[in-house]
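Undergrad: Just passing along the structure, written as structure tokens.
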Amino acid sequence: MASTVSMRRLGCTAALVLTSACGALESLLEVDVPSQIPAEQFEVPANAPLIVNSVVGEFECALSRFIVAGGLVGNELRDVQATGGPGTTWDLDRRTIPPVGYHAADGCNGIRFGVYVPLSTTRWLADNILASLQGWSDAQVPTRAELIPRAAAFAGYSTLLLGEAMCSVALDVGPELTRDAMFQRAEERFTQAIAAATAAGNNSLLNLARVGRARARHNQAIRGGTVVSAAKLAEAGADAALVPAGFVFNAAYVFPTERTENRIFGSINRQSLNAVEEVYRNLTWAGVPDPRVVAVDAGRPGADGVNRLWEQRKYTGSNSPIPIARYAEAQLIMAEAAVAAGNPQAATNIINALHQAAGIPAFAGGDAATVQAQIVEERKRELFLEGHHLADLGKYTIPLFPAAGLAFQAAVGGNNKGGTYGTDTCLPLPNVERDNNPNLAVARDR
């Protein structure tokens, strides 16, 4: 009889071959499922390239969902769906997020926006294959030197995004971890990736990991608009300074399935489920339209029949790639490190190089506070719908739009869908994790 396995162990890894979504949460129930492949038969050296490619595919699916969910919680997107209720995307947009529902329990499939399960799945798979690759030999896996930095980099990014999205995280049926603990863990994975990519001579993965480590360190350095670790910010700037001009590492998407499409385009432009929020419409700089944030009135309401549908134009189709890491992100981290080091002019020069590339007028500069405020604005525009704004809300104490306490959507010209806007800016640890993890407190009732 086939050995019984947990969802986290077998259901995830073997199901990748079948391109089905699976959870990364530990199941306490053990069952015999004849259609599943025992993990020990799948996790063998010959399958290492397939497993690493599966990790990348899982991350790409998780990334586009993370960006949509984060945009709804933040100020980038508005939910314009006709139906909702507890645990739906209405809760994300309303910022009253329970530990149940789409973000908490849905895998990387269908039209919904699961966050915890897809990212946890990717993180576990990446860490698991990374450990295996480090134990196998080059004779067993001839491409091992190329696979290790890729696995480490995507382990880093999935860990990083979990830290940015979740209020807390639990890994491998372990204790509850803080966001900072996740950022530290991500930094460790990126350090592994940098070393391995350097040894392999793979500059693309090297720069992917450099940007990732800079981002992980940046998250540790700033909280509530205050630099809490000048050393971490300096380290982030040093990593960012090594990223060459023009660098970009994209996630790839292929339609026609929702699982493999760019869900930003799919949910907004194709299905009219979400719209660009008001504060991101008609953005200009010195009277010139800013081409980095293009939102267009579609001339009709969204799926709810009430909210006006404002479509994004950053991604032009369901097959459009999404940047995971790029030069402009690294430059803005460098600019922030320069301000902290007492050199706002260097930061102004970086901002103006980005303005020149976008074809908009220069920024005049100013004192450290003025330049720092402009860096936050530049991140809002330059990194629009790339998955950064949710974390930036807490890092910089960005005002929430619409303000807490206003009637949900009635305050922005839509119909009153019930309740009032809240203040949640991270996703609570799901009940399913608490219920199945003996090292966690019991699930909250909410």
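Following the order of the structure tokens, first chain is A, next is B, and so on, with residues numbered from 1 inside each chain and ligands from 1 in the order they appear.
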Write down as a ChimeraX atom specification the residues of range 236-402 of chain A whose backbone DSSP state falls under helix (DSSP H, G or I).

TA: /A:236-241,263-270,278-280,327-340,344-358,368-382,389-396

Undergrad: Restrict the calculation to only C-alpha atoms, then for each residue of range 285-391 of chain A with any atom at most 6 Å from an atom of range 275-280 of chain A give the closest atom pair and their distance in Å to one decimal, rows by chain and rising residue number, as JSON lines.

TA:
{"residue": "A:Leu309", "atom": "CA", "partner": "A:Ala275", "partner_atom": "CA", "distance": 5.4}
{"residue": "A:Trp310", "atom": "CA", "partner": "A:Ala275", "partner_atom": "CA", "distance": 5.1}
{"residue": "A:Glu311", "atom": "CA", "partner": "A:Ala275", "partner_atom": "CA", "distance": 5.9}

Undergrad: Give the answer as one residue: which of A:Asn274, A:Ser120, A:Ser132, A:Gln184 has the shortest atom-to-atom distance to Ala170 in chain A, using only C-alpha atoms?

TA: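 Nearest to Ala170 in chain A: A:Ser120.
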
Undergrad: Taking into account only C-alpha atoms, which residue in the set A:Asp172, A:Asp91, A:Asp297, A:Asp138 is nearest to Gly419 in chain A?

TA: A:Asp91

Undergrad: Counting only C-alpha atoms, which of A:Leu427, A:Ala340, A:Leu383, A:Ala238 gets nearest to Cys167 in chain A?

TA: A:Leu427

Undergrad: Which residues of range 73-183 of chain A come within 10 Å of range 208-221 of chain A, and for each one, what is the closest pair of atoms and their distance in Å to one decimal, counting only C-alpha atoms, sorted by chain and residue number, as CSV?

TA:
residue,atom,partner,partner_atom,distance
A:Pro149,CA,A:Ala209,CA,8.5
A:Arg150,CA,A:Ala209,CA,9.0
A:Ala152,CA,A:Ala209,CA,8.6
A:Ala153,CA,A:Ala209,CA,5.6
A:Phe154,CA,A:Ala209,CA,8.8
A:Gly156,CA,A:Gly212,CA,7.3
A:Tyr157,CA,A:Gly212,CA,6.7
A:Thr159,CA,A:Ala216,CA,9.6
A:Leu160,CA,A:Ala216,CA,6.5
A:Leu161,CA,A:Ala216,CA,9.5
A:Gly163,CA,A:Asn219,CA,9.2
A:Glu164,CA,A:Asn219,CA,8.3
A:Arg179,CA,A:Gln220,CA,9.0
A:Asp180,CA,A:Gln220,CA,6.3
A:Ala181,CA,A:Gln220,CA,9.3
A:Met182,CA,A:Ala216,CA,8.8
A:Phe183,CA,A:Ala216,CA,5.2

Undergrad: Choose the residue, out of A:Val248, A:Ile351, A:Leu273, A:Ile324, that has the smallest atom-to-atom separation from Pro301 in chain A; count only C-alpha atoms.

TA: A:Leu273

Undergrad: Please provide as a list in words all residues within 12 Å of Ile360 in chain A, with the sequence filter that same-chain residues fewer than 4 positions apart are discarded (counting only C-alpha atoms).

TA: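 Here the answer would be Leu283, Thr284, Trp285, Ala286, Gly287, Val288, Pro289, Asp290, Pro291, Arg292, Ile351, Asn352, Ala353, Leu354, His355 and Gln356 of chain A.
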
Undergrad: Go ahead and write the residues just picked, C-alpha atoms, as a PDB file, in the first residue's frame.

TA:
ATOM      1  CA  LEU A 283      -1.592  61.481 -12.655  1.00  0.00           C
ATOM      2  CA  THR A 284       0.614  64.242 -14.022  1.00  0.00           C
ATOM      3  CA  TRP A 285       3.949  65.815 -13.202  1.00  0.00           C
ATOM      4  CA  ALA A 286       4.318  69.570 -13.712  1.00  0.00           C
ATOM      5  CA  GLY A 287       1.253  69.437 -15.944  1.00  0.00           C
ATOM      6  CA  VAL A 288       2.570  66.554 -18.072  1.00  0.00           C
ATOM      7  CA  PRO A 289       0.759  63.185 -17.970  1.00  0.00           C
ATOM      8  CA  ASP A 290       2.900  60.583 -16.234  1.00  0.00           C
ATOM      9  CA  PRO A 291       3.213  57.596 -18.620  1.00  0.00           C
ATOM     10  CA  ARG A 292       4.189  55.282 -15.772  1.00  0.00           C
ATOM     11  CA  ILE A 351      14.885  60.674  -9.522  1.00  0.00           C
ATOM     12  CA  ASN A 352      15.609  62.924 -12.475  1.00  0.00           C
ATOM     13  CA  ALA A 353      17.184  60.101 -14.438  1.00  0.00           C
ATOM     14  CA  LEU A 354      13.898  58.209 -13.995  1.00  0.00           C
ATOM     15  CA  HIS A 355      11.957  61.318 -15.025  1.00  0.00           C
ATOM     16  CA  GLN A 356      14.076  61.693 -18.133  1.00  0.00           C
TER      17      GLN A 356
END

Undergrad: DSSP on the backbone: what in range 16-227 of chain A comes out strand (DSSP E), as a list in words?

TA: Leu77, Arg78, Asp79, Val169, Ala170, Glu176, Leu177, Ile222, Arg223, Thr226 and Val227 of chain A

Undergrad: Which residues, written as an NGL selection string, have at least one atom at most 9 Å from range 108-111 of chain A, with only C-alpha atoms counted and residues fewer than 3 positions away on the same chain left out?

TA: :A and (20-23 or 58 or 61-62 or 65 or 114-115 or 117-119 or 257-260 or 263 or 266-267)

Undergrad: Take the residues just selected and output them with all heavy atoms as a tab-separated table (two decimals), in the first residue's frame.

TA:
chain	number	residue	atom	x	y	z
A	20	SER	N	-1.86	21.13	-11.11
A	20	SER	CA	-3.00	21.49	-10.27
A	20	SER	C	-2.50	22.33	-9.12
A	20	SER	O	-1.34	22.26	-8.74
A	20	SER	CB	-3.69	20.24	-9.73
A	20	SER	OG	-2.86	19.59	-8.80
A	21	ALA	N	-3.37	23.16	-8.56
A	21	ALA	CA	-2.98	23.97	-7.43
A	21	ALA	C	-3.09	23.13	-6.17
A	21	ALA	O	-3.92	22.25	-6.06
A	21	ALA	CB	-3.90	25.18	-7.31
A	22	CYS	N	-2.24	23.43	-5.20
A	22	CYS	CA	-2.31	22.70	-3.95
A	22	CYS	C	-1.88	23.60	-2.83
A	22	CYS	O	-1.26	24.62	-3.04
A	22	CYS	CB	-1.42	21.46	-4.00
A	22	CYS	SG	0.31	21.85	-4.24
A	23	GLY	N	-2.23	23.24	-1.62
A	23	GLY	CA	-1.90	24.06	-0.46
A	23	GLY	C	-0.54	23.73	0.08
A	23	GLY	O	-0.05	22.63	-0.07
A	58	GLU	N	4.81	28.16	-10.14
A	58	GLU	CA	3.97	28.44	-8.97
A	58	GLU	C	4.14	29.89	-8.52
A	58	GLU	O	3.16	30.57	-8.18
A	58	GLU	CB	4.34	27.50	-7.82
A	58	GLU	CG	3.90	26.07	-8.02
A	58	GLU	CD	2.40	25.92	-7.97
A	58	GLU	OE1	1.79	26.31	-6.96
A	58	GLU	OE2	1.84	25.41	-8.95
A	61	CYS	N	2.30	32.41	-10.86
A	61	CYS	CA	0.87	32.44	-10.60
A	61	CYS	C	0.58	33.20	-9.30
A	61	CYS	O	-0.32	34.04	-9.25
A	61	CYS	CB	0.33	31.02	-10.52
A	61	CYS	SG	-1.47	30.93	-10.37
A	62	ALA	N	1.36	32.92	-8.26
A	62	ALA	CA	1.16	33.59	-6.98
A	62	ALA	C	1.40	35.09	-7.07
A	62	ALA	O	0.70	35.88	-6.43
A	62	ALA	CB	2.08	32.97	-5.93
A	65	ARG	N	-1.55	37.26	-8.38
A	65	ARG	CA	-2.61	37.30	-7.39
A	65	ARG	C	-2.23	38.18	-6.19
A	65	ARG	O	-3.06	38.92	-5.66
A	65	ARG	CB	-2.96	35.88	-6.94
A	65	ARG	CG	-3.81	35.15	-7.96
A	65	ARG	CD	-3.72	33.65	-7.89
A	65	ARG	NE	-4.74	33.03	-8.73
A	65	ARG	CZ	-4.69	32.96	-10.05
A	65	ARG	NH1	-3.64	33.48	-10.68
A	65	ARG	NH2	-5.65	32.40	-10.75
A	114	GLY	N	-6.16	34.09	-4.16
A	114	GLY	CA	-5.48	33.50	-3.02
A	114	GLY	C	-4.08	34.07	-2.87
A	114	GLY	O	-3.42	34.36	-3.87
A	115	VAL	N	-3.64	34.25	-1.66
A	115	VAL	CA	-2.31	34.80	-1.39
A	115	VAL	C	-1.50	33.83	-0.54
A	115	VAL	O	-0.40	33.42	-0.91
A	115	VAL	CB	-2.41	36.17	-0.68
A	115	VAL	CG1	-1.02	36.69	-0.31
A	115	VAL	CG2	-3.12	37.18	-1.59
A	117	VAL	N	-1.87	30.59	0.43
A	117	VAL	CA	-1.60	29.23	-0.06
A	117	VAL	C	-0.65	29.23	-1.25
A	117	VAL	O	0.33	28.48	-1.25
A	117	VAL	CB	-2.93	28.50	-0.37
A	117	VAL	CG1	-2.66	27.17	-1.07
A	117	VAL	CG2	-3.70	28.25	0.93
A	118	PRO	N	-0.88	30.04	-2.30
A	118	PRO	CA	0.06	30.02	-3.42
A	118	PRO	C	1.49	30.38	-3.04
A	118	PRO	O	2.44	29.75	-3.48
A	118	PRO	CB	-0.53	31.04	-4.39
A	118	PRO	CG	-1.98	31.07	-4.08
A	118	PRO	CD	-2.06	30.87	-2.59
A	119	LEU	N	1.66	31.41	-2.21
A	119	LEU	CA	3.01	31.81	-1.82
A	119	LEU	C	3.64	30.78	-0.89
A	119	LEU	O	4.84	30.49	-0.97
A	119	LEU	CB	2.99	33.18	-1.15
A	119	LEU	CG	2.82	34.38	-2.08
A	119	LEU	CD1	2.66	35.66	-1.28
A	119	LEU	CD2	4.01	34.50	-3.04
A	257	THR	N	-5.77	30.12	-19.68
A	257	THR	CA	-6.29	29.76	-18.36
A	257	THR	C	-6.00	30.86	-17.36
A	257	THR	O	-4.97	31.53	-17.42
A	257	THR	CB	-5.67	28.44	-17.86
A	257	THR	OG1	-4.29	28.67	-17.53
A	257	THR	CG2	-5.75	27.35	-18.91
A	258	GLU	N	-6.94	31.05	-16.38
A	258	GLU	CA	-6.70	32.06	-15.36
A	258	GLU	C	-5.47	31.74	-14.53
A	258	GLU	O	-4.79	32.63	-14.03
A	258	GLU	CB	-7.92	32.16	-14.43
A	258	GLU	CG	-9.06	33.01	-14.95
A	258	GLU	CD	-10.17	32.17	-15.56
A	258	GLU	OE1	-10.02	30.93	-15.61
A	258	GLU	OE2	-11.18	32.77	-15.99
A	259	ARG	N	-5.16	30.45	-14.41
A	259	ARG	CA	-4.01	30.06	-13.59
A	259	ARG	C	-2.70	30.57	-14.18
A	259	ARG	O	-1.78	30.90	-13.45
A	259	ARG	CB	-3.96	28.54	-13.46
A	259	ARG	CG	-2.93	28.07	-12.45
A	259	ARG	CD	-2.91	26.56	-12.32
A	259	ARG	NE	-2.26	26.17	-11.10
A	259	ARG	CZ	-0.95	26.17	-10.91
A	259	ARG	NH1	-0.16	26.52	-11.89
A	259	ARG	NH2	-0.45	25.82	-9.74
A	260	THR	N	-2.62	30.63	-15.50
A	260	THR	CA	-1.35	31.00	-16.13
A	260	THR	C	-1.40	32.37	-16.80
A	260	THR	O	-0.45	32.74	-17.48
A	260	THR	CB	-0.96	29.94	-17.18
A	260	THR	OG1	-2.01	29.83	-18.15
A	260	THR	CG2	-0.71	28.59	-16.53
A	263	ARG	N	-3.10	38.03	-14.15
A	263	ARG	CA	-4.41	38.26	-13.55
A	263	ARG	C	-4.68	39.74	-13.30
A	263	ARG	O	-5.83	40.13	-13.03
A	263	ARG	CB	-4.54	37.48	-12.23
A	263	ARG	CG	-4.68	35.98	-12.41
A	263	ARG	CD	-5.96	35.62	-13.16
A	263	ARG	NE	-7.16	35.97	-12.41
A	263	ARG	CZ	-8.28	36.42	-12.97
A	263	ARG	NH1	-8.36	36.62	-14.27
A	263	ARG	NH2	-9.32	36.70	-12.22
A	266	GLY	N	-6.27	40.37	-16.52
A	266	GLY	CA	-7.47	39.54	-16.57
A	266	GLY	C	-8.59	40.08	-15.71
A	266	GLY	O	-9.75	40.14	-16.15
A	267	SER	N	-8.26	40.47	-14.48
A	267	SER	CA	-9.31	40.89	-13.55
A	267	SER	C	-9.83	42.29	-13.86
A	267	SER	O	-10.99	42.59	-13.56
A	267	SER	CB	-8.81	40.83	-12.11
A	267	SER	OG	-7.89	41.87	-11.84

Undergrad: Please provide the set of residues having any atom within 10 Å of Val412 in chain A, restricted to only C-alpha atoms, with same-chain residues fewer than 6 positions apart removed, written as a list of chain:residue names.

TA: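 Contacts, with the query itself left out: A:Arg78, A:Glu277, A:Glu278, A:Asn307, A:Phe401, A:Pro402, A:Leu406.
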
Undergrad: Tell me which protein, DNA and RNA residues are within 7 Å of Gly224 in chain A, counting only C-alpha atoms, leaving out same-chain ones fewer than 4 positions away, and put them as a list of chain:residue names.

TA: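 Here the qualifying residues turn out to be A:Gly394, A:Lys395, A:Tyr396, A:Thr397.
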
Undergrad: Export, as a PDB file, in the first residue's frame, the selected residues with N, CA and C atoms.

TA:
ATOM      1  N   GLY A 394       2.760  50.569   5.146  1.00  0.00           N
ATOM      2  CA  GLY A 394       3.267  50.537   6.508  1.00  0.00           C
ATOM      3  C   GLY A 394       4.647  51.145   6.643  1.00  0.00           C
ATOM      4  N   LYS A 395       5.476  50.969   5.628  1.00  0.00           N
ATOM      5  CA  LYS A 395       6.833  51.517   5.712  1.00  0.00           C
ATOM      6  C   LYS A 395       6.824  53.035   5.813  1.00  0.00           C
ATOM      7  N   TYR A 396       5.883  53.665   5.106  1.00  0.00           N
ATOM      8  CA  TYR A 396       5.884  55.130   5.033  1.00  0.00           C
ATOM      9  C   TYR A 396       4.646  55.777   5.650  1.00  0.00           C
ATOM     10  N   THR A 397       3.753  54.984   6.255  1.00  0.00           N
ATOM     11  CA  THR A 397       2.508  55.500   6.824  1.00  0.00           C
ATOM     12  C   THR A 397       1.765  56.338   5.786  1.00  0.00           C
TER      13      THR A 397
END

Undergrad: Which residue is closest to Ala252 in chain A? Choose from A:Thr178, A:Gly225, A:Leu63, A:Val52 and count only C-alpha atoms.

TA: A:Leu63

Undergrad: Just checking: using only C-alpha atoms, which residue out of A:Gly413, A:Gly405, A:Gly418, A:Pro45 ends up closest to Gln140 in chain A?

TA: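 Smallest separation from Gln140 in chain A among the options: A:Pro45.
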
Undergrad: May I ask for the distance between CA of Gly422 in chain A and CA of Ala404 in chain A, given in Å to one decimal place?

TA: 4.9 Å
